[in-house]
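Asks: Once you've had a glance at the structure underneath, I'll fire off some questions.
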Amino acid sequence: MSRNPFAGAHPVRDSAKRRGLDRARGALLQIVLLFLVASLAVAQAIDPLPFKDHAQEVRFQNLTRELRCLVCQNENLADSNADLARDLRHEVFDLMQQGKSDDEIKQYLVDRYSDFVLYDPPVQSSTLLLWFGPLLILLAGATVVVVTVRRRGRAGTTAMEDKPTDEGDDW
């Protein structure tokens with residue numbers, strides 16, 4: 001004959017204890033899951049590469065800061081977590097291991113992805129709009145503002161000239 005451990009106990013207190021234990025277990029499970037997700041994110045962000053020495057690591061970091069992530073477009077390769085950026089970092093590393101210079105690596109990537117892969121593309125006929133486009137837009141906006149202000153000023157003085165002046169008191 002099995003004996004019920006809750007027999008004869010107070011039912012309200014026992015259910016409150018069970019609910020408290022269930023909440024504690026749920027909170028513990030949430031904390032464990034949060035820790036696992038955070039550790040997976042950190043593990044994914046670390047991309048160890050076997051550098052020969054510290055100088056090669058510094059060269060790699062400087063080079064990847066000069067190259068644009070083609071997915072993010074506003075981040076460099078060193079800072080991007082995109083899969084393509086990781087692949088390009090590995091490609092840059094492999095080219096460095098082959099003894100290629102920084103200029104050769106950049107030229108290889110430019111040949112493959114165009115000047116867009118460079119964070120500071122050279123001033124050429126094909127990149128003039130890229131370099132001077134923002135300045136042209138700013139000048140065009142300033143011109144529109146100046147013309148609008150002058151027209152409103154002229155319209156305001158013309159309206160004032162047409163309006164008779166009343167020098168008497170209205171009261």
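We name chains A, B, ... following the order of the structure tokens; residues begin at 1 in each chain, and ligands are numbered from 1 as shown.
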If we count only C-alpha atoms, what is near Trp131 (chain A) at a cut-off of 10 Å, once residues fewer than 4 positions away on the same chain are taken out, given as a ChimeraX atom specification?
Replies: /A:120-124,126-127,135-136
Asks: Residues as selected, N, CA and C atoms, written as a PDB file, in the first residue's frame, can you do that?
Replies:
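Below is the file again29.pdb, written as the result:
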```pdb
ATOM      1  N   ASP A 120      38.457  53.001 -48.603  1.00  0.00           N
ATOM      2  CA  ASP A 120      38.821  54.278 -49.204  1.00  0.00           C
ATOM      3  C   ASP A 120      39.178  54.034 -50.669  1.00  0.00           C
ATOM      4  N   PRO A 121      38.184  53.987 -51.545  1.00  0.00           N
ATOM      5  CA  PRO A 121      38.489  53.722 -52.957  1.00  0.00           C
ATOM      6  C   PRO A 121      39.288  54.871 -53.557  1.00  0.00           C
ATOM      7  N   PRO A 122      40.121  54.585 -54.570  1.00  0.00           N
ATOM      8  CA  PRO A 122      40.933  55.644 -55.176  1.00  0.00           C
ATOM      9  C   PRO A 122      40.057  56.603 -55.980  1.00  0.00           C
ATOM     10  N   VAL A 123      40.547  57.834 -56.132  1.00  0.00           N
ATOM     11  CA  VAL A 123      39.833  58.819 -56.938  1.00  0.00           C
ATOM     12  C   VAL A 123      40.128  58.527 -58.402  1.00  0.00           C
ATOM     13  N   GLN A 124      39.119  58.040 -59.095  1.00  0.00           N
ATOM     14  CA  GLN A 124      39.216  57.713 -60.518  1.00  0.00           C
ATOM     15  C   GLN A 124      37.968  58.255 -61.184  1.00  0.00           C
ATOM     16  N   SER A 126      35.691  56.554 -62.494  1.00  0.00           N
ATOM     17  CA  SER A 126      34.542  55.728 -62.120  1.00  0.00           C
ATOM     18  C   SER A 126      34.085  55.970 -60.682  1.00  0.00           C
ATOM     19  N   THR A 127      34.913  56.616 -59.871  1.00  0.00           N
ATOM     20  CA  THR A 127      34.536  56.848 -58.473  1.00  0.00           C
ATOM     21  C   THR A 127      34.336  58.334 -58.153  1.00  0.00           C
ATOM     22  N   LEU A 135      29.074  66.029 -51.652  1.00  0.00           N
ATOM     23  CA  LEU A 135      29.324  67.463 -51.698  1.00  0.00           C
ATOM     24  C   LEU A 135      28.366  68.144 -52.678  1.00  0.00           C
ATOM     25  N   LEU A 136      28.130  67.521 -53.834  1.00  0.00           N
ATOM     26  CA  LEU A 136      27.198  68.081 -54.806  1.00  0.00           C
ATOM     27  C   LEU A 136      25.781  68.151 -54.243  1.00  0.00           C
TER      28      LEU A 136
END
```
Asks: For Pro48 (chain A), which of A:Arg154, A:Gln73, A:Phe93, A:Leu29 is the closest residue, counting only C-alpha atoms?
Replies: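 Closest to Pro48 (chain A), using only C-alpha atoms: A:Phe93.
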Asks: Please identify all polymer residues within 12 Å of Phe60 (chain A), counting only C-alpha atoms, omitting same-chain residues fewer than 5 positions from it, and present them as a PyMOL selection string.
Replies: chain A and resi 49-55+65-67+77-78+88-97+100-102+105
Asks: Mind writing the picked residues with C-alpha atoms as a PDB file, in the first residue's frame?
Replies:
```pdb
ATOM      1  CA  LEU A  49      43.828  32.216 -37.030  1.00  0.00           C
ATOM      2  CA  PRO A  50      47.315  30.728 -36.613  1.00  0.00           C
ATOM      3  CA  PHE A  51      49.544  33.778 -37.077  1.00  0.00           C
ATOM      4  CA  LYS A  52      53.297  33.240 -37.262  1.00  0.00           C
ATOM      5  CA  ASP A  53      54.042  36.229 -35.048  1.00  0.00           C
ATOM      6  CA  HIS A  54      52.521  39.384 -33.609  1.00  0.00           C
ATOM      7  CA  ALA A  55      53.661  41.506 -36.567  1.00  0.00           C
ATOM      8  CA  ARG A  65      40.218  47.411 -41.394  1.00  0.00           C
ATOM      9  CA  GLU A  66      40.906  48.848 -44.865  1.00  0.00           C
ATOM     10  CA  LEU A  67      38.512  46.417 -46.575  1.00  0.00           C
ATOM     11  CA  LEU A  77      36.025  43.150 -42.528  1.00  0.00           C
ATOM     12  CA  ALA A  78      37.614  43.222 -39.088  1.00  0.00           C
ATOM     13  CA  LEU A  88      37.046  37.067 -46.862  1.00  0.00           C
ATOM     14  CA  ARG A  89      39.118  37.286 -43.681  1.00  0.00           C
ATOM     15  CA  HIS A  90      40.197  33.686 -44.230  1.00  0.00           C
ATOM     16  CA  GLU A  91      40.979  34.476 -47.856  1.00  0.00           C
ATOM     17  CA  VAL A  92      43.087  37.482 -46.829  1.00  0.00           C
ATOM     18  CA  PHE A  93      44.874  35.281 -44.293  1.00  0.00           C
ATOM     19  CA  ASP A  94      45.555  32.613 -46.936  1.00  0.00           C
ATOM     20  CA  LEU A  95      46.933  35.233 -49.343  1.00  0.00           C
ATOM     21  CA  MET A  96      49.174  36.538 -46.576  1.00  0.00           C
ATOM     22  CA  GLN A  97      50.424  32.993 -45.961  1.00  0.00           C
ATOM     23  CA  LYS A 100      51.412  38.355 -51.070  1.00  0.00           C
ATOM     24  CA  SER A 101      51.900  42.008 -50.189  1.00  0.00           C
ATOM     25  CA  ASP A 102      49.075  44.233 -48.941  1.00  0.00           C
ATOM     26  CA  ILE A 105      45.905  41.332 -51.724  1.00  0.00           C
TER      27      ILE A 105
END
```
Asks: Fewer than 5 positions away in the same chain doesn't count, so skip those; otherwise give me all residues within 12 Å of Asn76 (chain A), counting only C-alpha atoms, as a list of chain:residue names.
Replies: A:Gln61, A:Asn62, A:Leu63, A:Thr64, A:Arg65, A:Glu66, A:Leu67, A:Arg68, A:Cys69, A:Leu70, A:Val71, A:Asn81, A:Ala82, A:Leu84, A:Ala85, A:Arg86, A:Leu88, A:Arg89, A:Phe116, A:Val117, A:Leu118, A:Tyr119, A:Asp120
Asks: Write out, as an mmCIF file, in the first residue's frame, the residues just selected, with C-alpha atoms.
Replies:
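The result, written out as result_1.cif:
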```cif
data_model
loop_
_atom_site.group_PDB
_atom_site.id
_atom_site.type_symbol
_atom_site.label_atom_id
_atom_site.label_comp_id
_atom_site.auth_asym_id
_atom_site.auth_seq_id
_atom_site.Cartn_x
_atom_site.Cartn_y
_atom_site.Cartn_z
ATOM 1 C CA GLN A 61 44.170 43.548 -38.546
ATOM 2 C CA ASN A 62 45.257 46.713 -40.370
ATOM 3 C CA LEU A 63 44.501 45.175 -43.756
ATOM 4 C CA THR A 64 41.042 43.937 -42.765
ATOM 5 C CA ARG A 65 40.218 47.411 -41.394
ATOM 6 C CA GLU A 66 40.906 48.848 -44.865
ATOM 7 C CA LEU A 67 38.512 46.417 -46.575
ATOM 8 C CA ARG A 68 34.724 46.776 -46.621
ATOM 9 C CA CYS A 69 32.286 44.020 -45.730
ATOM 10 C CA LEU A 70 30.238 43.449 -48.862
ATOM 11 C CA VAL A 71 27.189 42.376 -46.858
ATOM 12 C CA ASN A 81 30.209 39.125 -38.210
ATOM 13 C CA ALA A 82 28.711 38.248 -41.598
ATOM 14 C CA LEU A 84 31.004 36.457 -46.224
ATOM 15 C CA ALA A 85 33.222 38.723 -44.101
ATOM 16 C CA ARG A 86 34.531 35.677 -42.233
ATOM 17 C CA LEU A 88 37.046 37.067 -46.862
ATOM 18 C CA ARG A 89 39.118 37.286 -43.681
ATOM 19 C CA PHE A 116 33.663 48.877 -53.568
ATOM 20 C CA VAL A 117 35.601 46.388 -51.410
ATOM 21 C CA LEU A 118 38.051 49.150 -50.454
ATOM 22 C CA TYR A 119 36.993 51.354 -47.573
ATOM 23 C CA ASP A 120 38.821 54.278 -49.204
#
```
Asks: Please extract the residues of region 9-153 of chain A with a backbone DSSP assignment of strand (DSSP E or B) and present them as a list in words.
Replies: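 Everything in region 9-153 of chain A that counts as strand (DSSP E or B) is Leu67, Arg68, Asn76 and Leu118 of chain A.
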Asks: Could you check how far CA of Asp87 (chain A) sits from CA of Arg59 (chain A), in Å to one decimal?
Replies: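 We find that CA of Asp87 (chain A) and CA of Arg59 (chain A) lie 17.7 Å from each other.
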Asks: Give me, as a PyMOL selection string, the residues of region 6-152 of chain A that a backbone DSSP run labels alpha helix (DSSP H).
Replies: chain A and resi 11-45+54-65+83-97+102-113+128-152
